[in-house]
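Working notes, beginning with the structure itself.
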Protein chains: 2
Amino acid sequence: MDLTSFMDNSRPSDYEYLIDPAPQYALKLINLRKNTHVLIIYGDMVANYEGRAKSELGELMPRLVISKPDGTFMVHEATKREPRLWNPPPSSLYATIDGGVLVLRSVRASPREVVVVEVPVIRFAAALKLGTTINYRVFGREEDMVNAIINNPSMIEDGLQILAREYHTLVGDIDILAKDSRGNLVVIECKRSQAGPEAVNQLKRYVDYLRQREGKPVRGIVAAPSISAAAYKFLRLYGLEFRHVEPKS
Amino acid sequence: MDLTSFMDNSRPSDYEYLIDPAPQYALKLINLRKNTHVLIIYGDMVANYEGRAKSELGELMPRLVISKPDGTFMVHEATKREPRLWNPPPSSLYATIDGGVLVLRSVRASPREVVVVEVPVIRFAAALKLGTTINYRVFGREEDMVNAIINNPSMIEDGLQILAREYHTLVGDIDILAKDSRGNLVVIECKRSQAGPEAVNQLKRYVDYLRQREGKPVRGIVAAPSISAAAYKFLRLYGLEFRHVEPKS
DNA sequence: CACTTTATCTCGTGA
DNA sequence: TCACGAGGTAAAGTG
């Protein structure tokens, strides 16, 4: 493939790449494809971000820029899953050449956030057509746990009767509201991973609210695969309960 | 540059790339560079993940794999900042050819999680040397807010005396513990962005605990740039207070 | 190592 | 649009 063939042909192809391109070639690729392709720019660059917070990558070194057609903009370094700088979608990419240097400006409208990248040395640039999986689904989420409990309440305790799921209250939504065999209201808070202090606190909030509103005893149960020691102490301090439930059951 | 020169020379260079490579060439690049370079593989692929949860990208379509020397492994699609599938560092990458098809297996030890990617069509593969910014710093975090308040407690109210920061209790850590001009304990919970019901609930947890432990009135203040309407109602309901504080002040 | 909390969290959902 | 809460959260810091 002619590496610069795209210059003479504005019809998008699946992928195009430039090796050690002059800035104006990279610029043209970016502007032609930024709304349809995922762009990759590899080179020596500096960058900075200002918006909700502020930070700077002032030392010139090789980094990797990834820009997606939805506005996602990321500056990756050698380590970590997270980009060092980024703008989430929807953001807008503006590329220019300033003093012979490629400059990428990603602007997020609300909240106003700007990432600016200067690339004095462009080693590689590419425009790639990527797909998107439809009907993507993850199994083993909290919702699946809630379903499992609703379908089989005895996994919490015998005689439990489900009253509602996602029961809305002034202080938040209760995962499962139920009634035990003795007629007590039971609030169940599900966590797909180990429950910590926040989970207990959340449950306590719901239970306190219902106790006050109903004027009678209300039980609270954390349903999770495990609970931290501190959270368990906290839970017992307030007379709440824990049930072991695996997220994939 | 000879696109296959790396084959005859195991000395790492800054970047190498293969265009429409045969699987065994891509395999060799991956195995030579996976521990030192960031790898990019673009092609048509299917993938699946199993670990804490489970999901599948069963439809063959163009996707982008990024692998970092620390074990970061990501499968990106056309949209979103988040990879569709991933393993965080530290994970291990194992590449093989199975029935003529490049197979990438990323394994995380604990918790055990596996991402498997099959790439029947490899359009592009590259090994890139990336840098890492040292002494990286973000400005405008919650810690900066806490510092600002400790250095100038009057931004909360006059006569406030700081007693402790990160004060540990049975139910969690208090951002700032202080005493007001009348001798009341004051718990301050800082949020760098708008405070929601959870922030208020967190504060209530600390205040309730101290009230009980100390047997005397304890004030609670949420310090944040703003607070949601629901959170504010909730806050007033429990006799807590709100102070406007900007994260960059 | 486990636990706790923050985050420029991101993302989906529902009002 | 905003608010709220889950997430395979990841990453940092502490005991």
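Here, A, B, ... name the chains of the structure tokens in the order displayed, residue numbers run from 1 inside each chain, and ligands are numbered from 1 in the same displayed order.
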Output the contact residues of chain A with respect to chain B at a cut-off of 7 Å, based on only C-alpha atoms, as a short mmCIF file (atom, residue, chain, number, x, y, z; two decimals) with C-alpha atoms, in the first residue's frame.
```cif
data_model
loop_
_atom_site.label_atom_id
_atom_site.label_comp_id
_atom_site.auth_asym_id
_atom_site.auth_seq_id
_atom_site.Cartn_x
_atom_site.Cartn_y
_atom_site.Cartn_z
CA VAL A 38 -9.56 5.72 15.76
CA ALA A 53 -8.19 19.55 37.96
CA LYS A 54 -4.87 20.42 36.38
CA SER A 55 -1.69 18.58 35.47
CA LEU A 57 3.54 16.31 31.29
CA MET A 61 9.29 11.77 25.89
CA PRO A 62 7.70 9.10 23.74
CA ARG A 63 4.01 8.72 24.45
CA LYS A 68 -11.71 7.93 18.98
CA PRO A 69 -14.49 9.19 16.74
CA ASP A 70 -16.76 9.75 19.74
CA THR A 72 -12.42 10.00 23.51
CA GLU A 77 2.57 6.12 28.89
CA ALA A 78 4.57 2.93 29.41
CA THR A 79 2.59 1.64 32.39
CA LYS A 80 -0.87 1.47 33.91
CA ARG A 81 -4.27 0.78 32.50
CA PRO A 88 -13.81 11.47 27.94
CA PRO A 89 -16.42 11.48 25.19
CA LYS A 129 -11.56 1.61 11.56
CA LEU A 130 -12.81 -0.18 14.67
CA GLY A 131 -16.09 -1.88 15.43
CA THR A 132 -18.44 -1.74 18.39
CA THR A 133 -20.01 -4.78 19.97
CA ARG A 137 -23.29 -7.88 28.43
CA VAL A 138 -21.27 -8.62 31.53
CA PHE A 139 -22.36 -11.54 33.69
CA GLY A 140 -22.03 -11.57 37.42
CA PRO A 197 -17.89 0.24 55.52
CA PHE A 234 -19.63 -1.73 62.25
#
```
* Asked: Mind checking DSSP for segment 61-249 of chain B and telling me the helix (DSSP H, G or I) residues as an MDAnalysis selection string?
  -> chainID B and resid 142:151 153:155 197:214 229:237
Within 12 Å of segment 2-13 of chain D, which residues of segment 90-143 of chain B show up? Give each one with its shortest atom-to-atom distance in Å (one decimal) and the two atoms involved, counting only C-alpha atoms (C1' of nucleotides), rows by chain then rising residue number, as CSV.
```
residue,atom,partner,partner_atom,distance
B:Pro90,CA,D:DA10,C1',11.9
B:Arg108,CA,D:DG8,C1',11.6
B:Pro111,CA,D:DG8,C1',10.0
B:Arg112,CA,D:DG8,C1',10.9
B:Glu113,CA,D:DG8,C1',8.6
B:Val114,CA,D:DG8,C1',10.7
B:Val115,CA,D:DG8,C1',11.1
```
* **Polymer residues at most 8 Å from segment 24-29 of chain B, only C-alpha atoms (C1' of nucleotides), same-chain spacing of 2 or more positions, as a PyMOL selection string** => chain B and resi 6-7+18+21-22+31-33+95-97+102+125-127
Find the residues near Asn147 of chain A: any atom within 12 Å, counting only C-alpha atoms (C1' of nucleotides), skip ones fewer than 3 places away on the same chain, and give them as a CSV table (one decimal) with N, CA and C atoms, in the first residue's frame.
```csv
chain,number,residue,atom,x,y,z
A,139,PHE,N,-21.6,-10.7,32.8
A,139,PHE,CA,-22.4,-11.5,33.7
A,139,PHE,C,-21.7,-11.5,35.1
A,140,GLY,N,-22.5,-11.6,36.1
A,140,GLY,CA,-22.0,-11.6,37.4
A,140,GLY,C,-22.0,-10.2,38.1
A,141,ARG,N,-23.0,-9.4,37.6
A,141,ARG,CA,-23.1,-8.0,38.2
A,141,ARG,C,-24.0,-8.1,39.4
A,142,GLU,N,-24.1,-6.9,40.1
A,142,GLU,CA,-25.0,-6.9,41.2
A,142,GLU,C,-26.4,-7.2,40.8
A,143,GLU,N,-26.8,-6.7,39.6
A,143,GLU,CA,-28.2,-7.0,39.1
A,143,GLU,C,-28.5,-8.5,39.1
A,144,ASP,N,-27.5,-9.2,38.6
A,144,ASP,CA,-27.6,-10.7,38.6
A,144,ASP,C,-27.8,-11.3,39.9
A,150,ILE,N,-34.1,-12.8,44.2
A,150,ILE,CA,-35.6,-12.7,44.0
A,150,ILE,C,-36.2,-14.0,43.6
A,151,ASN,N,-35.4,-14.7,42.7
A,151,ASN,CA,-35.9,-16.0,42.2
A,151,ASN,C,-35.9,-17.1,43.3
A,152,ASN,N,-35.0,-16.9,44.3
A,152,ASN,CA,-34.9,-17.9,45.3
A,152,ASN,C,-34.5,-17.2,46.6
A,153,PRO,N,-35.5,-16.6,47.3
A,153,PRO,CA,-35.3,-15.8,48.5
A,153,PRO,C,-34.8,-16.7,49.6
A,155,MET,N,-32.3,-18.4,49.7
A,155,MET,CA,-30.8,-18.3,49.8
A,155,MET,C,-30.4,-17.3,50.8
A,162,ILE,N,-40.5,-11.6,49.1
A,162,ILE,CA,-40.0,-10.3,48.4
A,162,ILE,C,-41.2,-9.4,48.2
A,164,ALA,N,-40.4,-5.9,47.1
A,164,ALA,CA,-40.1,-4.9,46.0
A,164,ALA,C,-38.6,-5.0,45.7
A,165,ARG,N,-38.3,-4.7,44.5
A,165,ARG,CA,-36.9,-4.5,44.1
A,165,ARG,C,-36.7,-3.0,43.7
A,166,GLU,N,-35.5,-2.5,43.9
A,166,GLU,CA,-35.3,-1.0,43.6
A,166,GLU,C,-36.4,-0.2,44.2
A,175,ASP,N,-32.1,-2.1,47.3
A,175,ASP,CA,-32.0,-3.2,46.3
A,175,ASP,C,-33.2,-4.1,46.4
A,176,ILE,N,-33.4,-4.7,47.6
A,176,ILE,CA,-34.5,-5.6,47.8
A,176,ILE,C,-35.2,-5.3,49.1
A,190,CYS,N,-27.2,-5.6,48.3
A,190,CYS,CA,-26.3,-6.5,47.6
A,190,CYS,C,-25.0,-5.8,47.2
A,247,PRO,N,-21.7,-13.9,43.7
A,247,PRO,CA,-22.3,-13.1,42.6
A,247,PRO,C,-22.7,-14.0,41.4
A,248,LYS,N,-22.1,-15.1,41.2
A,248,LYS,CA,-22.5,-15.9,40.0
A,248,LYS,C,-23.6,-17.0,40.3
A,249,SER,N,-24.0,-17.0,41.6
A,249,SER,CA,-25.1,-18.0,41.9
A,249,SER,C,-26.4,-17.4,41.5
```
* Please, what distance in Å, to one decimal, runs between atom CA of Leu93 of chain B and atom CA of Arg105 of chain B? -> 5.7 Å
* Asked: At what distance in Å, to one decimal, does atom CA of Val107 of chain A lie from atom CA of Ser91 of chain A?
  -> 5.4 Å
